[in-house]
Each structure stands twice: as C-alpha cells, then as structure tokens.
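I have placed the structure first, in the form of structure tokens, so that the comments after it can refer back to it.
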Amino acid sequence: MIQFSAVTKRYPGREALHDVSCEIGSGELVAVTGHSGAGKTTLLKLAAGLERATAGSVVIHGQNLAALGETALAVLRRRIGFVFQDHKLLFDRNAFENVALPLRVAGFTGSETARRVRASLDKVGLLEREKAMPVALSGGEQQRLCIARAIVNRPSILIADEPTGNLDSDYAGAIVDLFVSFNQVGVTVLISSHDERSLDRVGGRRIALAKGALAA
Ligand SMILES: Nc1ncnc2c1ncn2[C@@H]1O[C@H](COP(=O)(O)OP(=O)(O)OP(=O)(O)O)[C@@H](O)[C@H]1O
C-alpha cells in the first residue's frame with residue numbers, strides 16, 4: 001500500500017532521510033519511532049504525499065509519486081487522512097465547519113456533508129460540540145477534532161504525527177485507542193511517537209529511525 005524504495009530526502013543544508021526502504025501493507029498499524037530529529041515527520045510527510053523524495057521512490061496505492069503531477073497528487077492525497085502539527089484548525093470556524101472543510105474541497109454539498117461530518121464527530125466523541133469554536137475546546141478535544149477532519153473523507157490510510165504529543169497520559173491513551181479502533185475496521189494506520197507508553201498501547205509493527213536511516 002505504501003512502499004519506500006531507497007528514499008532520500010534532502011532539505012537545504014540537511015539530509016532528513018537517507019536510503020530508507022520499507023513497506024506498509026494494507027490494513028497494517030505501524031508506529032514510526034526515533035529520537036528528535038530522526039526523520040519521523042519527514043517519513044510521514046512523504047508517505048502522505050505532502051513532500052516529494054529527493055531520490056528513490058515512494059509508491060502509494062500503486063502510484064509512484066514522482067510520476068504524478070500536482071493535480072493527480074492532490075487527488076491521491078484525498079484518499080489519505082493526516083493529522084500533522086502544522087495542519088492547524090481554522091480558529092474562525094466552528095467544529096462542524098472545520099470537519100466539513102475537506103468535504104467542501106472534494107465538492108460535497110448539503111445533507112451528505114452534514115451526515116458525514118456528524119458521523120466523524122460522533123466517532124471522536126465530539127458530536128455534542130459541533131457548534132463550539134476551537135478556542136473553546138481543550139487541547140485534547142482540539143486534537144480529536146483534527147482526527148475527525150482527517151477521517152471525514154473515509155480515507156483508507158490514516159497518518160498521524162505525534163498525535164499524543166502535548167496531552168496528559170489519560171488523554172493520550174484515549175487518542176491512541178481511537179487510532180487502534182480505526183485500524184480494527186480496516187484502515188491502514190501510520191503513527192509516529194517517541195512516547196514509550198503510547199507506543200506500548202499502539203502495539204503493531206515498528207519502524208525505528210535513527211539519524212535519518214532505518215535503525216538496525
Ligand atoms: N523543511 C525543512 N527544512 C530544513 N530542514 C528540515 C525541514 N524539515 C525537517 N528538517 C530537518 O530534518 C531532520 C529530520 O526532521 P524531522 O522533523 O523529520 O524529525 P523528527 O524525527 O520528526 O523529529 P521530532 O521528533 O523532533 O519532531 C531534522 O534535522 C530537521 O531539522
């Protein structure tokens with residue numbers, strides 16, 4: 001489903017990933033681990049089609065990203081849900097509108113949008129808060145709102161970068177359980193973390209990175 005073959009990612013003045021080959025199969029739950037700066041976010045961004053590799057190939061759903069133009073890449077990205085730190089909520093829109101955004105981009109209107117948004121809010125336990133503005137939600141609730149937005153397009157792949165990062169351990173556990181439950185209904189889940197307690201709860205296979213390469 002996601003295949004990395006000899007992938008290198010270079011940013012100006014910095015090689016974030018070097019010669020990484022790995023595969024995430026359909027329906028798998030995989031945790032990407034490693035120290036700060038190991039390349040976890042970079043690997044996840046490449047797997048989500050948010051960045052392009054400098055060398056090597058990334059193949060998602062059988063499509064080599066290097067061969068895709070921007071439009072085709074945008075279409076492919078709609079089949080992937082992602083929760084990234086720099087993918088912020090819109091603070092001038094309420095919870096419902098934040099979750100509806102990907103559907104509006106995909107051309108959905110009217111009752112189908114409302115049905116899907118409420119189904120997503122319900123899955124993350126925020127159905128009662130659809131009118132709340134993000135600022136009125138706790139950090140954990142905001143994170144769940146990001147997850148509702150990521151799943152509203154019913155993606156077959158869900159990618160989350162440190163989704164438990166700033167949360168206390170009870171809340172972090174509940175967030176991890178959410179990802180596990182999505183995986184149990186067939187969604188391929190790729191999640192990064194350096195928090196051992198969260199990782200134990202995630203279970204699944206690990207991809208360990210150290211200094212931009214697969215750890216031995
Ligand atoms: N846009 C960028 N421009 C330049 N360098 C970058 C960029 N993004 C990441 N890097 C560098 O690439 C390396 C890997 O970064 P990455 O964010 O993938 O690590 P990480 O394992 O996710 O770290 P953390 O756990 O601290 O988030 C780091 O040295 C980082 O400074």
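A note on labels: chains of the structure tokens are A, B, ... as shown, every chain counts residues from 1, and ligands are counted from 1 in their shown order.
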
Can you list, as a PDB file with C-alpha atoms, in the first residue's frame, all residues belonging to range 122-158 of chain A that DSSP tags as helix (DSSP H, G or I)?
```pdb
ATOM      1  CA  ASP A 122     -19.521  11.088  16.739  1.00  0.00           C
ATOM      2  CA  LYS A 123     -16.569   8.711  16.234  1.00  0.00           C
ATOM      3  CA  LEU A 127     -20.992  15.241  18.411  1.00  0.00           C
ATOM      4  CA  GLU A 128     -22.354  17.494  21.151  1.00  0.00           C
ATOM      5  CA  ARG A 129     -19.712  20.138  20.409  1.00  0.00           C
ATOM      6  CA  PRO A 134     -11.869  25.552  18.544  1.00  0.00           C
ATOM      7  CA  VAL A 135     -10.719  28.028  21.184  1.00  0.00           C
ATOM      8  CA  ALA A 136     -13.497  26.741  23.472  1.00  0.00           C
ATOM      9  CA  GLY A 139      -6.129  20.606  23.786  1.00  0.00           C
ATOM     10  CA  GLY A 140      -7.273  17.001  23.707  1.00  0.00           C
ATOM     11  CA  GLU A 141     -10.617  17.936  22.168  1.00  0.00           C
ATOM     12  CA  GLN A 142      -8.848  20.017  19.516  1.00  0.00           C
ATOM     13  CA  GLN A 143      -6.715  17.000  18.712  1.00  0.00           C
ATOM     14  CA  ARG A 144      -9.853  14.851  18.388  1.00  0.00           C
ATOM     15  CA  LEU A 145     -11.326  17.492  16.095  1.00  0.00           C
ATOM     16  CA  CYS A 146      -8.218  17.222  13.896  1.00  0.00           C
ATOM     17  CA  ILE A 147      -8.790  13.460  13.809  1.00  0.00           C
ATOM     18  CA  ALA A 148     -12.461  13.924  12.850  1.00  0.00           C
ATOM     19  CA  ARG A 149     -11.322  16.182   9.983  1.00  0.00           C
ATOM     20  CA  ALA A 150      -8.774  13.553   8.915  1.00  0.00           C
ATOM     21  CA  ILE A 151     -11.349  10.736   8.719  1.00  0.00           C
TER      22      ILE A 151
END
```

DSSP-assigned strand (DSSP E or B) members of range 27-188 of chain A, reported as a VMD selection string: chain A and resid 29 to 33 55 to 60 63 to 64 80 to 83 157 to 161 188

Do a neighbour search on Leu17 in chain A at 12 Å with only C-alpha atoms, toss out local chain neighbours closer than 3 positions, and write the hits as a PDB file with C-alpha atoms, in the first residue's frame.
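For reference, result.pdb as written:
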```
ATOM      1  CA  PHE A   4       9.552   3.327   0.158  1.00  0.00           C
ATOM      2  CA  SER A   5      12.461   2.219  -2.023  1.00  0.00           C
ATOM      3  CA  ALA A   6      15.885   3.711  -1.272  1.00  0.00           C
ATOM      4  CA  VAL A   7      14.287   7.025  -0.315  1.00  0.00           C
ATOM      5  CA  THR A   8      16.463  10.017   0.453  1.00  0.00           C
ATOM      6  CA  LYS A   9      15.013  13.394   1.426  1.00  0.00           C
ATOM      7  CA  ARG A  10      17.274  16.404   1.440  1.00  0.00           C
ATOM      8  CA  TYR A  11      16.246  19.824   2.705  1.00  0.00           C
ATOM      9  CA  ARG A  14      20.200  18.999   5.732  1.00  0.00           C
ATOM     10  CA  VAL A  20      15.195   4.291   3.538  1.00  0.00           C
ATOM     11  CA  SER A  21      13.361   1.241   2.203  1.00  0.00           C
ATOM     12  CA  GLY A  37      15.287  14.868  14.509  1.00  0.00           C
ATOM     13  CA  ALA A  38      15.486  11.197  13.461  1.00  0.00           C
ATOM     14  CA  GLY A  39      13.269  11.859  10.454  1.00  0.00           C
ATOM     15  CA  LYS A  40       9.857  10.660  11.655  1.00  0.00           C
ATOM     16  CA  THR A  41       7.890  13.689  10.447  1.00  0.00           C
ATOM     17  CA  THR A  42       9.742  13.628   7.137  1.00  0.00           C
ATOM     18  CA  LEU A  43       8.902   9.949   6.580  1.00  0.00           C
ATOM     19  CA  LEU A  44       5.236  10.593   7.396  1.00  0.00           C
ATOM     20  CA  LYS A  45       5.053  13.620   5.096  1.00  0.00           C
ATOM     21  CA  LEU A  46       6.481  11.562   2.236  1.00  0.00           C
ATOM     22  CA  ARG A  52       8.443  14.576  -2.566  1.00  0.00           C
ATOM     23  CA  ALA A  53      11.542  12.411  -2.224  1.00  0.00           C
ATOM     24  CA  THR A  54      14.880  13.782  -3.437  1.00  0.00           C
ATOM     25  CA  ALA A  55      15.951  10.283  -4.549  1.00  0.00           C
ATOM     26  CA  GLY A  56      14.382   6.838  -4.544  1.00  0.00           C
ATOM     27  CA  LEU A 209      14.629   5.574  12.655  1.00  0.00           C
ATOM     28  CA  ALA A 210      17.969   6.900  13.863  1.00  0.00           C
ATOM     29  CA  LYS A 211      19.694   9.871  12.259  1.00  0.00           C
ATOM     30  CA  GLY A 212      17.570   9.662   9.129  1.00  0.00           C
ATOM     31  CA  ALA A 213      18.134   5.953   8.452  1.00  0.00           C
ATOM     32  CA  LEU A 214      16.396   2.752   9.482  1.00  0.00           C
ATOM     33  CA  ALA A 215      17.799   1.698  12.853  1.00  0.00           C
TER      34      ALA A 215
END
```

Nearest candidate to Phe84 in chain A (options A:Val185, A:Ile157, A:Ala48, A:Ala208; using only C-alpha atoms): A:Ala48

Within 6 Å of Thr188 in chain A using only C-alpha atoms, minus same-chain residues under 2 positions, as a VMD selection string: chain A and resid 26 to 29 157 183

Nearest residue to ligand 1 from the set A:Asp195, A:Glu112, A:Asp200, A:Glu15 (distances using only C-alpha atoms and all ligand atoms):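 Using only C-alpha atoms and all ligand atoms, ligand 1 sits closest to A:Glu15.
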
Residue nearest ligand 1 - candidates A:Thr71, A:Asn153, A:Ser198, A:Ser192, atoms counted: only C-alpha atoms and all ligand atoms: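 Once distances to ligand 1 are computed over only C-alpha atoms and all ligand atoms, the minimum belongs to A:Ser192.
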
Residue nearest ligand 1 - candidates A:Gly25, A:Gly49, A:Pro163, A:Gly204, atoms counted: only C-alpha atoms and all ligand atoms: A:Pro163

For Ala160 in chain A: contacts at 6 Å, only C-alpha atoms, fewer than 3 positions along chain excluded, given as a PyMOL selection string: chain A and resi 82-83+163+191

Atom-to-atom span, atom 8 (N, counted along the ligand's line) of ligand 1 and CA of Asp161 in chain A, Å: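 Computing the Euclidean distance for atom 8 (N, counted along the ligand's line) of ligand 1 and CA of Asp161 in chain A yields 13.1 Å.
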
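Here CA of His194 in chain A is placed at a distance of 15.0 Å from CA of Ile175 in chain A.
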
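Between ligand 1 and the residues A:Ser36, A:Asn166, A:Gln3, A:Thr113, the shortest atom-to-atom distance, using only C-alpha atoms and all ligand atoms, involves A:Ser36.
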
Among listed residues A:Met133, A:Ala47, A:Ala216, A:Ala174, nearest Ala95 in chain A (using only C-alpha atoms):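 Closest residue, counting only C-alpha atoms: A:Met133.
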